[in-house]
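K.L.:
Got a structure for you, written out below as C-alpha cells; questions coming shortly.
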Amino acid sequence: MDESERTVHAGAARGDGAVRRVCQQLISSEMRYRFWINRHQQPMNQVAESKYRNQQILKLRRAAVQQVHKTALVRYLSDYHITGKERTLTLAEFHGVTDPVQAAINEHHYYLLSASTGYCAEALLEMVADKHGLSMLHNYRETYGQFFSLYCGRARAARRGKRYLLEEMVPELKASAGQIRENILAGHAMPATSHGRHLRRAS
C-alpha cells in the first residue's frame with residue numbers, strides 16, 4: 001500500500017491536469033482517503049499474493065481495466081460537456097429515479113476512488129516496465145470512451161422515443177473495445193522478465 005499512497009501524494013503535488021485534481025480531492029477528505037485505502041487494498045493484495053511477476057502484471061492490468069469502466073460516466077459527462085436535461089437523462093440511465101443532484105454527487109465520489117486506483121495501477125505497471133500494457137490501456141480507454149459516448153447518446157434517444165442516427169456504430173465500437181480488452185487481459189505483449197520490478201508486497 002505504501003507505493004500507492006506515495007503515488008497519490010506525488011500526483012497531488014506535481015501531477016498533470018486531471019491526475020493532480022483527482023489526487024488533491026482524494027486526500028483533501030480524511031474520511032474519503034481512508035475509505036479509498038480500504039477499497040484499494042483489496043486488488044493490491046491480490047497482486048502481491050501472486051508468486052510470479054507475469055501474474056502480478058496481469059492482475060494490475062485487470063485492475064486498471066476495471067477502473068476504465070468505473071470512471072467512464074464522469075469522464076463522459078466532463079469530456080463531452082453534457083449538462084442540463086441531457087445530463088439528467090444520462091444519469092437516469094444508470095441511477096434510475098434517483099435525484100440527479102445526489103446521483104451526480106455519488107458518481108463523483110466513486111470517480112475519485114476509481115480514478116485514483118487506476119492511476120496507481122498504471123504507475124505500478126510503469127514500475128514493472130509494462131510499456132505495451134500501458135499503450136493498450138490507453139487505446140482501450142479511448143475506444144471504450146467512444147463506445148460509451150454512443151451508448152449514452154442512444155439511451156437518451158430511446159428515452160425520447162427517437163431513432164439514434166449513429167446506431168450502426170455502437171456494435172462496431174463495442175467489438176473493437178472488447179478485442180483490445182481481451183488482448184490486455186490475455187497477456188499480449190508482456191514485458192521481458194529481466195526488466196522492471198517484481199512486486200513482493202502490496203503496493
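How things are named: the first chain in the C-alpha cells is A, the next is B, and so on; residues count from 1 in each chain; ligands count from 1 in the order shown.
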With only C-alpha atoms counted and 10 Å as the cut-off, give the residues of range 93-131 of chain A in contact with range 40-51 of chain A, each with its shortest interatomic distance in Å and the pair that gives it, as CSV.
P.N.:
```
residue,atom,partner,partner_atom,distance
A:Leu113,CA,A:His40,CA,8.2
A:Ser114,CA,A:His40,CA,8.6
A:Ser116,CA,A:His40,CA,8.8
A:Thr117,CA,A:His40,CA,6.2
A:Gly118,CA,A:His40,CA,9.7
A:Cys120,CA,A:His40,CA,9.4
A:Ala121,CA,A:Met44,CA,8.5
```
K.L.:
I want to know what sits within 12 Å of Leu124 in chain A, based on only C-alpha atoms, with residues of the same chain fewer than 5 positions away left out; could you give that as a count of residues only?
P.N.:
33
K.L.:
Pick out the residues sitting within 12 Å of range 93-98 of chain A, and hand them over as a list in words; count only C-alpha atoms, and ignore anything fewer than 6 positions along from it in its own chain.
P.N.:
Lys70, Ala72, Leu73, Val74, Glu86, Arg87, Ala104, Ile105, Asn106, Glu107, Tyr151, Cys152, Gly153, Arg154, Ala155, Arg156, Ala157, Ala158 and Arg159 of chain A
K.L.:
What is the CA of Ala92 in chain A to CA of Glu168 in chain A distance in Å?
P.N.:
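CA of Glu168 in chain A lies 23.5 Å from CA of Ala92 in chain A.
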K.L.:
If we count only C-alpha atoms and set the cut-off at 12 Å, which residues sit around range 24-27 of chain A, ignoring sequence neighbours fewer than 2 positions away in its own chain? Please answer as an NGL selection string.
P.N.:
:A and (5-22 or 29-37 or 108-117)
K.L.:
Save out the residues we just selected, N, CA and C atoms, as a JSON list (two decimals), in the first residue's frame.
P.N.:
```json
[["chain", "number", "residue", "atom", "x", "y", "z"],
["A", 5, "GLU", "N", 0.18, 4.93, -1.86],
["A", 5, "GLU", "CA", -0.01, 6.19, -1.12],
["A", 5, "GLU", "C", 1.02, 7.23, -1.57],
["A", 6, "ARG", "N", 2.25, 6.79, -1.79],
["A", 6, "ARG", "CA", 3.25, 7.74, -2.31],
["A", 6, "ARG", "C", 2.86, 8.25, -3.68],
["A", 7, "THR", "N", 2.31, 7.38, -4.50],
["A", 7, "THR", "CA", 1.89, 7.77, -5.85],
["A", 7, "THR", "C", 0.79, 8.82, -5.80],
["A", 8, "VAL", "N", -0.18, 8.63, -4.93],
["A", 8, "VAL", "CA", -1.29, 9.58, -4.81],
["A", 8, "VAL", "C", -0.78, 10.93, -4.31],
["A", 9, "HIS", "N", 0.06, 10.94, -3.31],
["A", 9, "HIS", "CA", 0.56, 12.21, -2.77],
["A", 9, "HIS", "C", 1.47, 12.91, -3.78],
["A", 10, "ALA", "N", 2.25, 12.14, -4.52],
["A", 10, "ALA", "CA", 3.08, 12.75, -5.57],
["A", 10, "ALA", "C", 2.19, 13.33, -6.66],
["A", 11, "GLY", "N", 1.11, 12.62, -7.01],
["A", 11, "GLY", "CA", 0.17, 13.12, -8.01],
["A", 11, "GLY", "C", -0.47, 14.41, -7.58],
["A", 12, "ALA", "N", -0.81, 14.50, -6.29],
["A", 12, "ALA", "CA", -1.44, 15.71, -5.76],
["A", 12, "ALA", "C", -0.48, 16.89, -5.77],
["A", 13, "ALA", "N", 0.81, 16.60, -5.58],
["A", 13, "ALA", "CA", 1.81, 17.67, -5.50],
["A", 13, "ALA", "C", 2.31, 18.13, -6.86],
["A", 14, "ARG", "N", 2.48, 17.18, -7.79],
["A", 14, "ARG", "CA", 3.11, 17.56, -9.05],
["A", 14, "ARG", "C", 2.57, 16.81, -10.26],
["A", 15, "GLY", "N", 1.39, 16.23, -10.12],
["A", 15, "GLY", "CA", 0.78, 15.55, -11.26],
["A", 15, "GLY", "C", 0.28, 16.55, -12.29],
["A", 16, "ASP", "N", -0.05, 16.05, -13.47],
["A", 16, "ASP", "CA", -0.53, 16.90, -14.54],
["A", 16, "ASP", "C", -2.06, 16.86, -14.63],
["A", 17, "GLY", "N", -2.66, 18.01, -14.84],
["A", 17, "GLY", "CA", -4.08, 18.10, -15.17],
["A", 17, "GLY", "C", -5.00, 17.33, -14.26],
["A", 18, "ALA", "N", -5.76, 16.39, -14.86],
["A", 18, "ALA", "CA", -6.78, 15.64, -14.15],
["A", 18, "ALA", "C", -6.19, 14.82, -13.01],
["A", 19, "VAL", "N", -4.99, 14.27, -13.21],
["A", 19, "VAL", "CA", -4.36, 13.46, -12.16],
["A", 19, "VAL", "C", -4.17, 14.28, -10.90],
["A", 20, "ARG", "N", -3.67, 15.50, -11.06],
["A", 20, "ARG", "CA", -3.44, 16.35, -9.89],
["A", 20, "ARG", "C", -4.76, 16.70, -9.20],
["A", 21, "ARG", "N", -5.78, 17.03, -9.98],
["A", 21, "ARG", "CA", -7.08, 17.39, -9.39],
["A", 21, "ARG", "C", -7.68, 16.21, -8.64],
["A", 22, "VAL", "N", -7.62, 15.03, -9.24],
["A", 22, "VAL", "CA", -8.19, 13.85, -8.60],
["A", 22, "VAL", "C", -7.46, 13.54, -7.30],
["A", 29, "SER", "N", -10.05, 15.01, 1.90],
["A", 29, "SER", "CA", -11.01, 14.50, 2.89],
["A", 29, "SER", "C", -10.41, 13.27, 3.55],
["A", 30, "GLU", "N", -10.16, 13.36, 4.85],
["A", 30, "GLU", "CA", -9.57, 12.22, 5.57],
["A", 30, "GLU", "C", -10.47, 11.00, 5.49],
["A", 31, "MET", "N", -11.80, 11.21, 5.61],
["A", 31, "MET", "CA", -12.73, 10.09, 5.55],
["A", 31, "MET", "C", -12.70, 9.42, 4.18],
["A", 32, "ARG", "N", -12.72, 10.23, 3.12],
["A", 32, "ARG", "CA", -12.69, 9.67, 1.76],
["A", 32, "ARG", "C", -11.36, 8.96, 1.50],
["A", 33, "TYR", "N", -10.28, 9.54, 1.99],
["A", 33, "TYR", "CA", -8.96, 8.95, 1.77],
["A", 33, "TYR", "C", -8.86, 7.59, 2.45],
["A", 34, "ARG", "N", -9.35, 7.49, 3.68],
["A", 34, "ARG", "CA", -9.32, 6.22, 4.40],
["A", 34, "ARG", "C", -10.21, 5.19, 3.72],
["A", 35, "PHE", "N", -11.35, 5.65, 3.23],
["A", 35, "PHE", "CA", -12.25, 4.75, 2.50],
["A", 35, "PHE", "C", -11.56, 4.22, 1.26],
["A", 36, "TRP", "N", -10.85, 5.10, 0.56],
["A", 36, "TRP", "CA", -10.11, 4.68, -0.63],
["A", 36, "TRP", "C", -9.04, 3.65, -0.28],
["A", 37, "ILE", "N", -8.29, 3.87, 0.79],
["A", 37, "ILE", "CA", -7.24, 2.94, 1.19],
["A", 37, "ILE", "C", -7.82, 1.55, 1.41],
["A", 108, "HIS", "N", -19.41, 11.28, -8.62],
["A", 108, "HIS", "CA", -18.14, 11.98, -8.45],
["A", 108, "HIS", "C", -17.32, 11.34, -7.34],
["A", 109, "HIS", "N", -17.98, 10.95, -6.27],
["A", 109, "HIS", "CA", -17.29, 10.30, -5.15],
["A", 109, "HIS", "C", -16.60, 9.03, -5.63],
["A", 110, "TYR", "N", -17.32, 8.18, -6.32],
["A", 110, "TYR", "CA", -16.75, 6.91, -6.76],
["A", 110, "TYR", "C", -15.78, 7.11, -7.93],
["A", 111, "TYR", "N", -15.96, 8.19, -8.65],
["A", 111, "TYR", "CA", -14.99, 8.51, -9.70],
["A", 111, "TYR", "C", -13.62, 8.80, -9.08],
["A", 112, "LEU", "N", -13.61, 9.59, -8.00],
["A", 112, "LEU", "CA", -12.34, 9.91, -7.34],
["A", 112, "LEU", "C", -11.65, 8.64, -6.83],
["A", 113, "LEU", "N", -12.43, 7.74, -6.25],
["A", 113, "LEU", "CA", -11.86, 6.50, -5.74],
["A", 113, "LEU", "C", -11.30, 5.65, -6.88],
["A", 114, "SER", "N", -12.09, 5.49, -7.93],
["A", 114, "SER", "CA", -11.69, 4.61, -9.03],
["A", 114, "SER", "C", -10.57, 5.22, -9.86],
["A", 115, "ALA", "N", -10.64, 6.52, -10.11],
["A", 115, "ALA", "CA", -9.58, 7.16, -10.89],
["A", 115, "ALA", "C", -8.25, 7.08, -10.15],
["A", 116, "SER", "N", -8.28, 7.21, -8.83],
["A", 116, "SER", "CA", -7.05, 7.12, -8.04],
["A", 116, "SER", "C", -6.46, 5.72, -8.10],
["A", 117, "THR", "N", -7.32, 4.70, -8.01],
["A", 117, "THR", "CA", -6.84, 3.32, -8.12],
["A", 117, "THR", "C", -6.28, 3.05, -9.51]]
```
